[in-house]
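**Q** My questions all concern the structure below.
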Amino acid sequence: MNFNRYITEAEFSELAAFIRREGVVRRFARGERLSGQGLRNHRCGLVVQGAFRYVHADAVGEEHVVGYAFAGEFVGDYISMRNDVPSQVTIGAMCGAETLLVPGERLEAFYRTDAASERLGRTLAEHMLAEVYERLLDRYAASPQQRYGALTERCPDVLQLVPLRELASYLGVRPETLSRIRRRVR
């Protein structure tokens, strides 16, 4: 799956190797949380198998799906961990999942080992910013049908892994709207 492009690119193979080498295996049952909104997140890692959903609850308690992490992808609230601030999302297992997790302090130590590792951390942050910027522009400038098409082109298997109601939330549309879009593009 090519959902979170910033961690699957070859230039991050060193970071993935570090997490595979230093990470501790942690299994999650369906619905179990890696982190909670409003709490500080102190770990990150790679999804070995399974999947995680990122959910933000707004001021009135309505939940919005804002991201996913699938097998082979980075998982964790990087901003909360790096800045030691409360998380803006809850990250929960969508099914039984296995991860390799490292504490934020250990990741910091890895970044400080040499200039190349420090540059890798900066590059990861830059790629994450680019991904968020692209999503922001898409939200304002692309139609829901264009966002759906781009997502299914990039991640053809997403419909087998994510319920349509959640996918609608991720795309910022109502489930009925997503159903109409799907009928149009068939």
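Residue names in the structure tokens use chain letters A, B, ... in the order shown, residue numbers from 1 in each chain, and ligand numbers from 1 in the order shown.
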Using DSSP on the backbone coordinates, identify the residues of chain A assigned to helix (DSSP H, G or I); present them as an mmCIF file with N, CA and C atoms, in the first residue's frame.

**A**
data_model
loop_
_atom_site.group_PDB
_atom_site.id
_atom_site.type_symbol
_atom_site.label_atom_id
_atom_site.label_comp_id
_atom_site.auth_asym_id
_atom_site.auth_seq_id
_atom_site.Cartn_x
_atom_site.Cartn_y
_atom_site.Cartn_z
ATOM 1 N N ARG A 5 3.194 8.105 1.752
ATOM 2 C CA ARG A 5 4.345 8.014 0.857
ATOM 3 C C ARG A 5 5.663 8.410 1.496
ATOM 4 N N TYR A 6 5.654 9.241 2.539
ATOM 5 C CA TYR A 6 6.901 9.752 3.093
ATOM 6 C C TYR A 6 7.751 8.682 3.763
ATOM 7 N N ILE A 7 7.191 7.582 4.235
ATOM 8 C CA ILE A 7 7.999 6.571 4.908
ATOM 9 C C ILE A 7 8.324 5.393 3.996
ATOM 10 N N THR A 8 7.681 5.272 2.861
ATOM 11 C CA THR A 8 7.915 4.118 2.008
ATOM 12 C C THR A 8 9.006 4.372 0.978
ATOM 13 N N ALA A 10 12.662 5.025 -0.674
ATOM 14 C CA ALA A 10 13.956 4.406 -0.418
ATOM 15 C C ALA A 10 14.849 5.235 0.495
ATOM 16 N N GLU A 11 14.742 6.561 0.447
ATOM 17 C CA GLU A 11 15.627 7.390 1.260
ATOM 18 C C GLU A 11 15.393 7.209 2.756
ATOM 19 N N PHE A 12 14.288 6.569 3.158
ATOM 20 C CA PHE A 12 14.017 6.338 4.574
ATOM 21 C C PHE A 12 14.334 4.913 5.006
ATOM 22 N N SER A 13 15.023 4.169 4.152
ATOM 23 C CA SER A 13 15.343 2.788 4.499
ATOM 24 C C SER A 13 16.219 2.713 5.748
ATOM 25 N N GLU A 14 17.088 3.705 5.969
ATOM 26 C CA GLU A 14 17.926 3.706 7.174
ATOM 27 C C GLU A 14 17.086 3.870 8.432
ATOM 28 N N LEU A 15 16.084 4.733 8.382
ATOM 29 C CA LEU A 15 15.207 4.923 9.534
ATOM 30 C C LEU A 15 14.402 3.654 9.789
ATOM 31 N N ALA A 16 13.872 3.049 8.737
ATOM 32 C CA ALA A 16 13.123 1.802 8.890
ATOM 33 C C ALA A 16 14.028 0.709 9.451
ATOM 34 N N ALA A 17 15.279 0.639 8.985
ATOM 35 C CA ALA A 17 16.226 -0.360 9.498
ATOM 36 C C ALA A 17 16.502 -0.116 10.981
ATOM 37 N N PHE A 18 16.655 1.146 11.381
ATOM 38 C CA PHE A 18 16.850 1.484 12.793
ATOM 39 C C PHE A 18 15.668 0.997 13.632
ATOM 40 N N ILE A 19 14.446 1.272 13.172
ATOM 41 C CA ILE A 19 13.265 0.860 13.922
ATOM 42 C C ILE A 19 13.174 -0.661 13.980
ATOM 43 N N ARG A 20 13.495 -1.332 12.889
ATOM 44 C CA ARG A 20 13.470 -2.802 12.897
ATOM 45 C C ARG A 20 14.524 -3.368 13.846
ATOM 46 N N ARG A 21 15.656 -2.688 13.933
ATOM 47 C CA ARG A 21 16.763 -3.138 14.788
ATOM 48 C C ARG A 21 16.487 -2.838 16.267
ATOM 49 N N GLU A 22 15.988 -1.637 16.551
ATOM 50 C CA GLU A 22 15.841 -1.165 17.936
ATOM 51 C C GLU A 22 14.426 -1.295 18.492
ATOM 52 N N TYR A 78 4.044 11.963 15.396
ATOM 53 C CA TYR A 78 5.401 12.493 15.350
ATOM 54 C C TYR A 78 5.484 13.883 15.977
ATOM 55 N N ILE A 79 4.488 14.730 15.734
ATOM 56 C CA ILE A 79 4.490 16.093 16.273
ATOM 57 C C ILE A 79 4.415 16.061 17.797
ATOM 58 N N SER A 80 3.506 15.273 18.338
ATOM 59 C CA SER A 80 3.369 15.160 19.789
ATOM 60 C C SER A 80 4.662 14.644 20.408
ATOM 61 N N MET A 81 5.225 13.617 19.799
ATOM 62 C CA MET A 81 6.439 13.009 20.332
ATOM 63 C C MET A 81 7.626 13.965 20.271
ATOM 64 N N ARG A 82 7.842 14.577 19.137
ATOM 65 C CA ARG A 82 9.015 15.448 18.958
ATOM 66 C C ARG A 82 8.918 16.735 19.769
ATOM 67 N N ASN A 83 7.700 17.280 19.919
ATOM 68 C CA ASN A 83 7.526 18.563 20.605
ATOM 69 C C ASN A 83 7.026 18.416 22.039
ATOM 70 N N GLY A 104 10.544 7.908 21.942
ATOM 71 C CA GLY A 104 10.991 9.155 21.315
ATOM 72 C C GLY A 104 12.421 9.511 21.672
ATOM 73 N N GLU A 105 12.826 9.240 22.917
ATOM 74 C CA GLU A 105 14.210 9.556 23.328
ATOM 75 C C GLU A 105 15.219 8.743 22.526
ATOM 76 N N ARG A 106 14.872 7.496 22.222
ATOM 77 C CA ARG A 106 15.786 6.639 21.448
ATOM 78 C C ARG A 106 15.885 7.145 20.008
ATOM 79 N N LEU A 107 14.765 7.597 19.457
ATOM 80 C CA LEU A 107 14.792 8.165 18.108
ATOM 81 C C LEU A 107 15.636 9.433 18.092
ATOM 82 N N GLU A 108 15.485 10.270 19.113
ATOM 83 C CA GLU A 108 16.311 11.491 19.232
ATOM 84 C C GLU A 108 17.786 11.137 19.262
ATOM 85 N N ALA A 109 18.140 10.119 20.039
ATOM 86 C CA ALA A 109 19.543 9.688 20.132
ATOM 87 C C ALA A 109 20.040 9.223 18.763
ATOM 88 N N PHE A 110 19.196 8.504 18.022
ATOM 89 C CA PHE A 110 19.567 8.064 16.676
ATOM 90 C C PHE A 110 19.847 9.268 15.779
ATOM 91 N N TYR A 111 18.974 10.285 15.835
ATOM 92 C CA TYR A 111 19.169 11.476 15.015
ATOM 93 C C TYR A 111 20.471 12.191 15.366
ATOM 94 N N ALA A 115 25.646 13.461 11.209
ATOM 95 C CA ALA A 115 24.975 14.453 10.354
ATOM 96 C C ALA A 115 23.964 13.799 9.418
ATOM 97 N N ALA A 116 24.281 12.616 8.910
ATOM 98 C CA ALA A 116 23.360 11.939 7.982
ATOM 99 C C ALA A 116 22.056 11.564 8.692
ATOM 100 N N SER A 117 22.148 11.110 9.934
ATOM 101 C CA SER A 117 20.940 10.752 10.689
ATOM 102 C C SER A 117 20.130 11.994 11.027
ATOM 103 N N GLU A 118 20.817 13.077 11.383
ATOM 104 C CA GLU A 118 20.133 14.344 11.661
ATOM 105 C C GLU A 118 19.401 14.832 10.409
ATOM 106 N N ARG A 119 20.062 14.714 9.272
ATOM 107 C CA ARG A 119 19.465 15.122 7.995
ATOM 108 C C ARG A 119 18.252 14.236 7.672
ATOM 109 N N LEU A 120 18.335 12.945 8.006
ATOM 110 C CA LEU A 120 17.227 12.023 7.785
ATOM 111 C C LEU A 120 16.003 12.456 8.587
ATOM 112 N N GLY A 121 16.195 12.845 9.841
ATOM 113 C CA GLY A 121 15.090 13.330 10.665
ATOM 114 C C GLY A 121 14.462 14.581 10.081
ATOM 115 N N ARG A 122 15.302 15.487 9.624
ATOM 116 C CA ARG A 122 14.790 16.722 9.014
ATOM 117 C C ARG A 122 14.035 16.408 7.728
ATOM 118 N N THR A 123 14.566 15.502 6.927
ATOM 119 C CA THR A 123 13.925 15.136 5.669
ATOM 120 C C THR A 123 12.575 14.473 5.922
ATOM 121 N N LEU A 124 12.501 13.626 6.948
ATOM 122 C CA LEU A 124 11.224 13.007 7.295
ATOM 123 C C LEU A 124 10.201 14.081 7.641
ATOM 124 N N ALA A 125 10.591 15.039 8.475
ATOM 125 C CA ALA A 125 9.679 16.125 8.854
ATOM 126 C C ALA A 125 9.258 16.929 7.624
ATOM 127 N N GLU A 126 10.177 17.179 6.705
ATOM 128 C CA GLU A 126 9.850 17.915 5.488
ATOM 129 C C GLU A 126 8.858 17.145 4.621
ATOM 130 N N HIS A 127 9.050 15.837 4.511
ATOM 131 C CA HIS A 127 8.128 15.022 3.713
ATOM 132 C C HIS A 127 6.744 14.982 4.352
ATOM 133 N N MET A 128 6.704 14.901 5.680
ATOM 134 C CA MET A 128 5.410 14.911 6.368
ATOM 135 C C MET A 128 4.706 16.245 6.137
ATOM 136 N N LEU A 129 5.452 17.337 6.188
ATOM 137 C CA LEU A 129 4.878 18.652 5.915
ATOM 138 C C LEU A 129 4.349 18.715 4.482
ATOM 139 N N ALA A 130 5.097 18.188 3.541
ATOM 140 C CA ALA A 130 4.659 18.185 2.142
ATOM 141 C C ALA A 130 3.366 17.391 1.980
ATOM 142 N N GLU A 131 3.265 16.269 2.683
ATOM 143 C CA GLU A 131 2.052 15.448 2.611
ATOM 144 C C GLU A 131 0.847 16.214 3.170
ATOM 145 N N VAL A 132 1.040 16.873 4.304
ATOM 146 C CA VAL A 132 -0.044 17.656 4.907
ATOM 147 C C VAL A 132 -0.421 18.825 4.000
ATOM 148 N N TYR A 133 0.566 19.485 3.428
ATOM 149 C CA TYR A 133 0.314 20.614 2.530
ATOM 150 C C TYR A 133 -0.485 20.156 1.307
ATOM 151 N N GLU A 134 -0.106 19.019 0.754
ATOM 152 C CA GLU A 134 -0.825 18.471 -0.399
ATOM 153 C C GLU A 134 -2.282 18.176 -0.034
ATOM 154 N N ARG A 135 -2.500 17.577 1.144
ATOM 155 C CA ARG A 135 -3.877 17.295 1.575
ATOM 156 C C ARG A 135 -4.663 18.577 1.785
ATOM 157 N N LEU A 136 -4.028 19.609 2.337
ATOM 158 C CA LEU A 136 -4.697 20.891 2.536
ATOM 159 C C LEU A 136 -5.113 21.487 1.196
ATOM 160 N N LEU A 137 -4.201 21.499 0.240
ATOM 161 C CA LEU A 137 -4.528 22.025 -1.086
ATOM 162 C C LEU A 137 -5.634 21.213 -1.742
ATOM 163 N N ASP A 138 -5.559 19.889 -1.626
ATOM 164 C CA ASP A 138 -6.599 19.037 -2.197
ATOM 165 C C ASP A 138 -7.959 19.335 -1.582
ATOM 166 N N ARG A 139 -7.966 19.580 -0.287
ATOM 167 C CA ARG A 139 -9.232 19.848 0.406
ATOM 168 C C ARG A 139 -9.883 21.121 -0.129
ATOM 169 N N TYR A 140 -9.067 22.106 -0.470
ATOM 170 C CA TYR A 140 -9.596 23.380 -0.964
ATOM 171 C C TYR A 140 -9.786 23.404 -2.481
ATOM 172 N N ALA A 141 -8.909 22.735 -3.213
ATOM 173 C CA ALA A 141 -8.896 22.922 -4.664
ATOM 174 C C ALA A 141 -9.409 21.723 -5.465
ATOM 175 N N PRO A 144 -14.440 16.406 -4.277
ATOM 176 C CA PRO A 144 -14.439 15.110 -3.591
ATOM 177 C C PRO A 144 -14.188 13.949 -4.557
ATOM 178 N N GLN A 145 -14.739 14.034 -5.770
ATOM 179 C CA GLN A 145 -14.513 12.973 -6.747
ATOM 180 C C GLN A 145 -13.042 12.911 -7.142
ATOM 181 N N GLN A 146 -12.392 14.049 -7.303
ATOM 182 C CA GLN A 146 -10.963 14.065 -7.632
ATOM 183 C C GLN A 146 -10.141 13.487 -6.474
ATOM 184 N N ARG A 147 -10.497 13.824 -5.226
ATOM 185 C CA ARG A 147 -9.775 13.283 -4.071
ATOM 186 C C ARG A 147 -9.946 11.770 -3.983
ATOM 187 N N TYR A 148 -11.170 11.304 -4.232
ATOM 188 C CA TYR A 148 -11.436 9.870 -4.218
ATOM 189 C C TYR A 148 -10.626 9.170 -5.315
ATOM 190 N N GLY A 149 -10.648 9.729 -6.514
ATOM 191 C CA GLY A 149 -9.903 9.138 -7.624
ATOM 192 C C GLY A 149 -8.411 9.084 -7.357
ATOM 193 N N ALA A 150 -7.859 10.157 -6.812
ATOM 194 C CA ALA A 150 -6.420 10.182 -6.513
ATOM 195 C C ALA A 150 -6.064 9.144 -5.450
ATOM 196 N N LEU A 151 -6.914 9.021 -4.435
ATOM 197 C CA LEU A 151 -6.649 8.052 -3.374
ATOM 198 C C LEU A 151 -6.730 6.620 -3.892
ATOM 199 N N THR A 152 -7.759 6.297 -4.667
ATOM 200 C CA THR A 152 -7.896 4.926 -5.156
ATOM 201 C C THR A 152 -6.855 4.593 -6.226
ATOM 202 N N GLU A 153 -6.365 5.599 -6.919
ATOM 203 C CA GLU A 153 -5.272 5.356 -7.869
ATOM 204 C C GLU A 153 -3.977 5.051 -7.124
ATOM 205 N N ARG A 154 -3.714 5.825 -6.077
ATOM 206 C CA ARG A 154 -2.497 5.640 -5.278
ATOM 207 C C ARG A 154 -2.578 4.375 -4.433
ATOM 208 N N VAL A 158 -7.357 0.159 -0.905
ATOM 209 C CA VAL A 158 -7.908 0.852 0.258
ATOM 210 C C VAL A 158 -9.363 0.464 0.517
ATOM 211 N N LEU A 159 -10.124 0.166 -0.523
ATOM 212 C CA LEU A 159 -11.537 -0.183 -0.348
ATOM 213 C C LEU A 159 -11.709 -1.546 0.319
ATOM 214 N N GLN A 160 -10.704 -2.406 0.260
ATOM 215 C CA GLN A 160 -10.769 -3.695 0.947
ATOM 216 C C GLN A 160 -10.374 -3.557 2.420
ATOM 217 N N LEU A 161 -9.688 -2.486 2.768
ATOM 218 C CA LEU A 161 -9.160 -2.329 4.122
ATOM 219 C C LEU A 161 -9.931 -1.341 4.986
ATOM 220 N N LEU A 164 -16.386 2.066 4.045
ATOM 221 C CA LEU A 164 -16.769 3.242 3.251
ATOM 222 C C LEU A 164 -17.113 4.442 4.131
ATOM 223 N N ARG A 165 -17.737 4.214 5.249
ATOM 224 C CA ARG A 165 -18.088 5.326 6.144
ATOM 225 C C ARG A 165 -16.840 6.059 6.627
ATOM 226 N N GLU A 166 -15.803 5.289 6.970
ATOM 227 C CA GLU A 166 -14.538 5.900 7.390
ATOM 228 C C GLU A 166 -13.848 6.600 6.233
ATOM 229 N N LEU A 167 -13.893 5.982 5.071
ATOM 230 C CA LEU A 167 -13.269 6.584 3.899
ATOM 231 C C LEU A 167 -13.948 7.915 3.578
ATOM 232 N N ALA A 168 -15.259 7.976 3.743
ATOM 233 C CA ALA A 168 -15.987 9.234 3.528
ATOM 234 C C ALA A 168 -15.479 10.289 4.509
ATOM 235 N N SER A 169 -15.309 9.918 5.770
ATOM 236 C CA SER A 169 -14.806 10.857 6.773
ATOM 237 C C SER A 169 -13.410 11.343 6.391
ATOM 238 N N TYR A 170 -12.556 10.426 5.966
ATOM 239 C CA TYR A 170 -11.198 10.789 5.565
ATOM 240 C C TYR A 170 -11.214 11.777 4.392
ATOM 241 N N LEU A 171 -12.129 11.562 3.456
ATOM 242 C CA LEU A 171 -12.222 12.433 2.274
ATOM 243 C C LEU A 171 -12.977 13.735 2.559
ATOM 244 N N PRO A 175 -21.177 9.923 3.906
ATOM 245 C CA PRO A 175 -21.194 8.602 3.262
ATOM 246 C C PRO A 175 -22.066 8.544 2.008
ATOM 247 N N GLU A 176 -23.182 9.286 2.009
ATOM 248 C CA GLU A 176 -24.076 9.288 0.839
ATOM 249 C C GLU A 176 -23.368 9.899 -0.376
ATOM 250 N N THR A 177 -22.591 10.934 -0.117
ATOM 251 C CA THR A 177 -21.838 11.582 -1.196
ATOM 252 C C THR A 177 -20.812 10.614 -1.776
ATOM 253 N N LEU A 178 -20.133 9.894 -0.910
ATOM 254 C CA LEU A 178 -19.152 8.918 -1.392
ATOM 255 C C LEU A 178 -19.835 7.830 -2.213
ATOM 256 N N SER A 179 -20.997 7.398 -1.796
ATOM 257 C CA SER A 179 -21.736 6.388 -2.573
ATOM 258 C C SER A 179 -22.059 6.908 -3.968
ATOM 259 N N ARG A 180 -22.498 8.170 -4.071
ATOM 260 C CA ARG A 180 -22.781 8.760 -5.388
ATOM 261 C C ARG A 180 -21.508 8.836 -6.242
ATOM 262 N N ILE A 181 -20.423 9.235 -5.624
ATOM 263 C CA ILE A 181 -19.145 9.331 -6.353
ATOM 264 C C ILE A 181 -18.765 7.948 -6.885
ATOM 265 N N ARG A 182 -18.878 6.942 -6.060
ATOM 266 C CA ARG A 182 -18.501 5.582 -6.471
ATOM 267 C C ARG A 182 -19.375 5.088 -7.626
ATOM 268 N N ARG A 183 -20.661 5.420 -7.598
ATOM 269 C CA ARG A 183 -21.550 5.029 -8.696
ATOM 270 C C ARG A 183 -21.129 5.727 -9.997
ATOM 271 N N ARG A 184 -20.743 7.001 -9.892
ATOM 272 C CA ARG A 184 -20.338 7.773 -11.079
ATOM 273 C C ARG A 184 -19.059 7.225 -11.717
ATOM 274 N N VAL A 185 -18.129 6.779 -10.923
ATOM 275 C CA VAL A 185 -16.820 6.391 -11.473
ATOM 276 C C VAL A 185 -16.756 4.914 -11.885
#

**Q** Work out how far atom CA of Ala57 of chain A is from atom CA of Pro86 of chain A, in Å to one decimal.

**A**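 Result for atom CA of Pro86 of chain A versus atom CA of Ala57 of chain A: 13.5 Å, one decimal.
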